[in-house]
Amino acid sequence: MARLSSMDDRCAVLNLSRLHLDDMNLEHIVDSKRKQIQQLHLAYNRLSLLPPSVCLLSNLEYLDISNNGITVIPEDFIRLTNLKTLVAKNNLLDESSFPRDFARMQMETLNLGGNRFGHVPKQFLKLAKLQSLSLGGNRLKSIPPEIENLTCLEMLYLGGNLISSIPPELANLTCLKCLVLCDNRIQSIPPQLNRLHSLLSLSLHNNLLTFLPREILSLVHLQELSLRGNPLVVRFIKDMTYNPPSLLELAGRTIKSHNLLYLTNDLPSNLMHYLNLASECPNPKCAVLLSVQLKSTERSRVGGREQRTSRQTPKSTAGIGRTSNRNTYLLYDLNLMLNVFIYSIKYMAFGLITTVAGKSKTKQQIAKLKTNPKAK
């Protein structure tokens with residue numbers, strides 16, 4: 001039985017963590033003292049059941065019972081009408097461990113990671129004020145469509161489970177700011193997730209994703225997107241490793257990023273061909289618009305004055321004016337860069353060949369000296 005130290009009138013936190021408790025009784029605390037307790041910490045003990053006397057703390061708002069061996073939450077638990085946060089990580093809880101009327105509580109935060117949940121309990125899906133739900137490291141195989149009922153939910157952590165798909169109903173959580181679905185078996189992302197306009201962080205690493213819908217690009221407030229450890233990213237990294245951008249591609253990016261207006265004779269023919277065949281970047285905010293298929297400009301005289309006319313260009317090129325001196329200099333710089341690069345490669349190759357030849361000649365001279373010491 002735990003012996004509790006005395007508490008002064010201002011005490012609101014009772015910390016009984018790491019005391020190797022296997023039982024506890026708070027009944028001997030006077031009622032006035034019990035009403036002062038707003039936080040109770042019981043983590044890292046040896047509790048197999050939640051002590052019944054905990055339910056006597058009528059003003060309790062925060063309860064941490066993590067890292068015990070608790071298998072069931074008693075029915076009297078719903079008497080904690082002011083409880084807003086329950087942290088019960090790394091216990092032996094499952095979907096049958098909670099009271100039937102658990103949905104009547106005013107719970108705002110539930111952290112139940114590292115337990116034995118095979119599916120999300122129905123009581124959880126009726127907590128109207130729930131803002132944070134963490135069920136990571138369990139045995140969940142699916143996300144119930146009724147998850148959409150948690151309209152106040154801002155954080156959903158379901159990493160480290162066995163989930164293989166995401167229901168479209170998840171997109172109805174318009175207040176959701178953080179969605180963690182890492183370390184599962186998810187193979188695809190529903191395009192409906194583009195309706196999560198409040199989403200700031202999306203963690204999808206270590207899944208089985210091979211495709212990312214372009215609708216994800218409409219999540220304009222998204223600040224973090226984690227995709228590592230998916231076949232999609234593994235293939236992308238492999239392509240980047242063994243197929244780096246060519247000089248031709250880099251030259252095309254340079255022209256498009258500076259919005260240069262050019263004529264057919266301004267650029268090499270292969271670069272002109274590449275620009276005309278380039279495809280549009282799927283990111284609507286991308287500054288490097290490779291979709292612009294600029295046509296050769298034609299010169300014609302109208303009313304005795306020479307003007308430049310061009311065929312209709314895509315909307316993304318509208319607003320590009322006449323070639324300025326700055327653009328002309330950039331074109332010259334680009335051509336100069338191409339020439340310098342080519343000559344640098346030639347020079348490096350020539351130097352490499354010369355070095356190899358020199359080393360070979362030196363080795364021959366050393367071998368000759370060894371066979372004939374008198375030779376100079």
# chains A, B, ... in the order shown; residues from 1 in each chain; ligands from 1
$ residues_around --residues "Ser198 (chain A)" --least-positions-apart "3" --cutoff "6 Å" --atoms "only C-alpha atoms" --output "list in words"
Cys175, Leu176 and Lys177 of chain A
$ closest_atom_pairs --of "region 53-98 of chain A" --to "region 16-23 of chain A" --cutoff "12 Å" --atoms "only C-alpha atoms" --output "CSV"
residue,atom,partner,partner_atom,distance
A:Ser53,CA,A:Asp23,CA,10.3
A:Val54,CA,A:Asp23,CA,11.2
A:Leu63,CA,A:Leu16,CA,11.3
A:Asp64,CA,A:Ser17,CA,9.0
A:Ile65,CA,A:Ser17,CA,8.7
A:Ser66,CA,A:Ser17,CA,9.4
A:Asn67,CA,A:Arg18,CA,9.7
A:Asn68,CA,A:Asp22,CA,9.2
A:Gly69,CA,A:Asp22,CA,9.7
A:Ile70,CA,A:Asp22,CA,10.5
$ residues_around --residues "region 268-271 of chain A" --least-positions-apart "4" --cutoff "8 Å" --atoms "only C-alpha atoms" --output "NGL selection string"
:A and (248 or 251-252 or 264 or 275)
$ write_last_selection --atoms "all heavy atoms" --output "PDB file, in the first residue's frame"
ATOM      1  N   LEU A 248      21.635  18.956 -70.788  1.00  0.00           N
ATOM      2  CA  LEU A 248      20.524  19.444 -71.596  1.00  0.00           C
ATOM      3  C   LEU A 248      19.333  19.815 -70.718  1.00  0.00           C
ATOM      4  O   LEU A 248      18.702  20.863 -70.896  1.00  0.00           O
ATOM      5  CB  LEU A 248      20.121  18.371 -72.618  1.00  0.00           C
ATOM      6  CG  LEU A 248      19.039  18.741 -73.627  1.00  0.00           C
ATOM      7  CD1 LEU A 248      19.530  19.859 -74.540  1.00  0.00           C
ATOM      8  CD2 LEU A 248      18.636  17.523 -74.449  1.00  0.00           C
ATOM      9  N   ALA A 251      20.071  22.969 -68.739  1.00  0.00           N
ATOM     10  CA  ALA A 251      19.961  24.149 -69.585  1.00  0.00           C
ATOM     11  C   ALA A 251      18.505  24.540 -69.792  1.00  0.00           C
ATOM     12  O   ALA A 251      18.140  25.714 -69.748  1.00  0.00           O
ATOM     13  CB  ALA A 251      20.637  23.886 -70.925  1.00  0.00           C
ATOM     14  N   GLY A 252      17.634  23.536 -70.010  1.00  0.00           N
ATOM     15  CA  GLY A 252      16.208  23.822 -70.163  1.00  0.00           C
ATOM     16  C   GLY A 252      15.607  24.435 -68.924  1.00  0.00           C
ATOM     17  O   GLY A 252      14.801  25.363 -68.995  1.00  0.00           O
ATOM     18  N   THR A 264      14.646  30.743 -82.724  1.00  0.00           N
ATOM     19  CA  THR A 264      15.176  29.434 -83.101  1.00  0.00           C
ATOM     20  C   THR A 264      16.692  29.447 -83.192  1.00  0.00           C
ATOM     21  O   THR A 264      17.366  28.497 -82.787  1.00  0.00           O
ATOM     22  CB  THR A 264      14.567  29.001 -84.446  1.00  0.00           C
ATOM     23  OG1 THR A 264      13.141  29.018 -84.341  1.00  0.00           O
ATOM     24  CG2 THR A 264      15.021  27.604 -84.830  1.00  0.00           C
ATOM     25  N   LEU A 275      13.017  21.451 -75.370  1.00  0.00           N
ATOM     26  CA  LEU A 275      12.059  22.403 -74.809  1.00  0.00           C
ATOM     27  C   LEU A 275      10.669  22.182 -75.378  1.00  0.00           C
ATOM     28  O   LEU A 275       9.662  22.326 -74.685  1.00  0.00           O
ATOM     29  CB  LEU A 275      12.523  23.832 -75.067  1.00  0.00           C
ATOM     30  CG  LEU A 275      13.775  24.286 -74.296  1.00  0.00           C
ATOM     31  CD1 LEU A 275      14.249  25.629 -74.804  1.00  0.00           C
ATOM     32  CD2 LEU A 275      13.500  24.348 -72.806  1.00  0.00           C
TER      33      LEU A 275
END
$ closest_atom_pairs --of "region 64-98 of chain A" --to "region 27-39 of chain A" --cutoff "12 Å" --atoms "only C-alpha atoms" --output "CSV"
residue,atom,partner,partner_atom,distance
A:Asp64,CA,A:Gln39,CA,8.3
A:Ile65,CA,A:Gln39,CA,11.3
A:Leu80,CA,A:Gln38,CA,10.8
A:Thr81,CA,A:Gln38,CA,12.0
A:Asn82,CA,A:Gln38,CA,9.0
A:Leu83,CA,A:Gln38,CA,8.7
A:Lys84,CA,A:Gln38,CA,10.3
A:Thr85,CA,A:Gln39,CA,9.5
A:Leu86,CA,A:Gln39,CA,10.4
A:Val87,CA,A:Gln39,CA,11.4
$ closest_residue --among "A:Arg116, A:Arg104, A:Arg253, A:Arg195" --to "Leu92 (chain A)" --atoms "only C-alpha atoms"
A:Arg116
$ residues_around --residues "Ser142 (chain A)" --least-positions-apart "6" --cutoff "12 Å" --atoms "only C-alpha atoms" --output "count of residues only"
19
$ closest_residue --among "A:Asn265, A:Asn91, A:Thr210, A:Gln187" --to "Leu232 (chain A)" --atoms "only C-alpha atoms"
A:Thr210
$ select_by_dssp --residues "region 84-267 of chain A" --states "helix (DSSP H, G or I)" --output "MDAnalysis selection string"
chainID A and resid 102:104 124:126 145:149 168:172 191:195 214:218 231:242 247:257 264:266
$ closest_residue --among "A:Leu260, A:Leu204, A:Leu110, A:Leu225" --to "Asp183 (chain A)" --atoms "only C-alpha atoms"
A:Leu204
$ closest_residue --among "A:Val220, A:Leu49, A:Ala171, A:Leu40" --to "Asn15 (chain A)" --atoms "only C-alpha atoms"
A:Leu40
